[in-house]
Every structure is written in C-alpha cells, then in structure tokens.
Amino acid sequence: MMEKNGNISKVDNVAKLESDLPVGLAKPALRALIGAGYLRLEQFTKLKESEVLQLHGMGPKAIDLIRRALAEKGQTFADGS
C-alpha cells in the first residue's frame, strides 16, 4: 500500500518480508504487533490472548484472525484459546 508521499509504509514492508502474521489484519493491529516485536505466529503460543489484547490497536477481530492462523498450524495461544 502506498502512502501519500508514494513510499511503501514500514508496516507493510515488515509484514511482507519478515512476518507470517495473517493477511487481513488491520493497520492498527499490525502496528501494535510489530511495535511489540511480534512478527511470527509461533510467538503467540507463549502469550495469552489477554496479553495480546492489551496492546493498543488490538481487538477481537485481530485476535480471531491470529487464533485461526494458529489453528491452521495446529497451535493455540498459551491459554489454549
């Protein structure tokens, strides 16, 4: 996605190059996750959903996308959600 100045945003670059986060996460959720250093799905297996929800920009839709992506790999959040 291009920003007004024609540059690709840092969030888009990081998400595409270094991450296996699910497609469809909203920009605020992506910024929250990337800012907290969460780029890989396996990181969420050590976190509780409630911990991730505390990040500014995370909401139920983002958690659901992550939960589904984890389930596709046979994984869950640390609390089994």
# chains A, B, ... in the order shown; residues from 1 in each chain; ligands from 1
$ residues_around --residues "stretch 31-44 of chain A" --least-positions-apart "4" --cutoff "10 Å" --atoms "only C-alpha atoms" --output "PDB file with C-alpha atoms, in the first residue's frame"
ATOM      1  CA  LYS A  10       7.234   0.467   7.147  1.00  0.00           C
ATOM      2  CA  VAL A  11       4.381  -1.673   8.463  1.00  0.00           C
ATOM      3  CA  ASP A  12       3.781  -3.118   5.000  1.00  0.00           C
ATOM      4  CA  VAL A  14       7.960  -5.578   7.767  1.00  0.00           C
ATOM      5  CA  ALA A  15       4.728  -7.523   7.445  1.00  0.00           C
ATOM      6  CA  LEU A  17       9.310  -9.517   4.455  1.00  0.00           C
ATOM      7  CA  GLU A  18       9.741 -10.846   7.975  1.00  0.00           C
ATOM      8  CA  SER A  19       6.337 -11.968   9.153  1.00  0.00           C
ATOM      9  CA  ASP A  20       3.886 -14.806   8.860  1.00  0.00           C
ATOM     10  CA  LEU A  21       1.111 -12.828  10.549  1.00  0.00           C
ATOM     11  CA  PRO A  22      -2.278 -13.467   8.979  1.00  0.00           C
ATOM     12  CA  LEU A  25      -5.013  -7.692   9.984  1.00  0.00           C
ATOM     13  CA  ALA A  26      -5.932  -4.019  10.223  1.00  0.00           C
ATOM     14  CA  LYS A  27      -3.131  -1.447  10.207  1.00  0.00           C
ATOM     15  CA  LYS A  48      -2.165 -15.412  26.479  1.00  0.00           C
ATOM     16  CA  GLU A  49      -4.902 -13.802  24.391  1.00  0.00           C
ATOM     17  CA  GLU A  51      -1.810 -10.185  26.948  1.00  0.00           C
ATOM     18  CA  VAL A  52      -2.123  -9.523  23.221  1.00  0.00           C
ATOM     19  CA  LEU A  53      -5.438  -7.728  23.680  1.00  0.00           C
ATOM     20  CA  GLN A  54      -3.715  -5.237  25.986  1.00  0.00           C
ATOM     21  CA  LEU A  55      -1.736  -3.863  23.030  1.00  0.00           C
ATOM     22  CA  HIS A  56      -3.191  -0.598  21.763  1.00  0.00           C
ATOM     23  CA  GLY A  57      -4.752  -1.334  18.376  1.00  0.00           C
ATOM     24  CA  MET A  58      -5.637  -4.959  19.047  1.00  0.00           C
ATOM     25  CA  ILE A  66      -4.467 -14.841  14.807  1.00  0.00           C
ATOM     26  CA  ARG A  67      -6.374 -17.645  16.559  1.00  0.00           C
ATOM     27  CA  ALA A  69      -3.973 -18.808  11.726  1.00  0.00           C
ATOM     28  CA  LEU A  70      -2.578 -20.629  14.752  1.00  0.00           C
ATOM     29  CA  LYS A  73      -0.833 -24.829  12.143  1.00  0.00           C
ATOM     30  CA  GLN A  75      -1.214 -24.303  17.573  1.00  0.00           C
ATOM     31  CA  THR A  76      -3.014 -22.121  20.119  1.00  0.00           C
ATOM     32  CA  PHE A  77      -2.366 -19.175  22.388  1.00  0.00           C
ATOM     33  CA  ALA A  78      -0.667 -20.112  25.686  1.00  0.00           C
TER      34      ALA A  78
END
$ atom_distance --atom1 "atom CA of A:Leu30" --atom2 "atom CA of A:Asp64"
13.8 Å
$ closest_residue --among "A:Ile63, A:Leu47, A:Pro28, A:Val23" --to "A:Asp79" --atoms "only C-alpha atoms"
A:Leu47
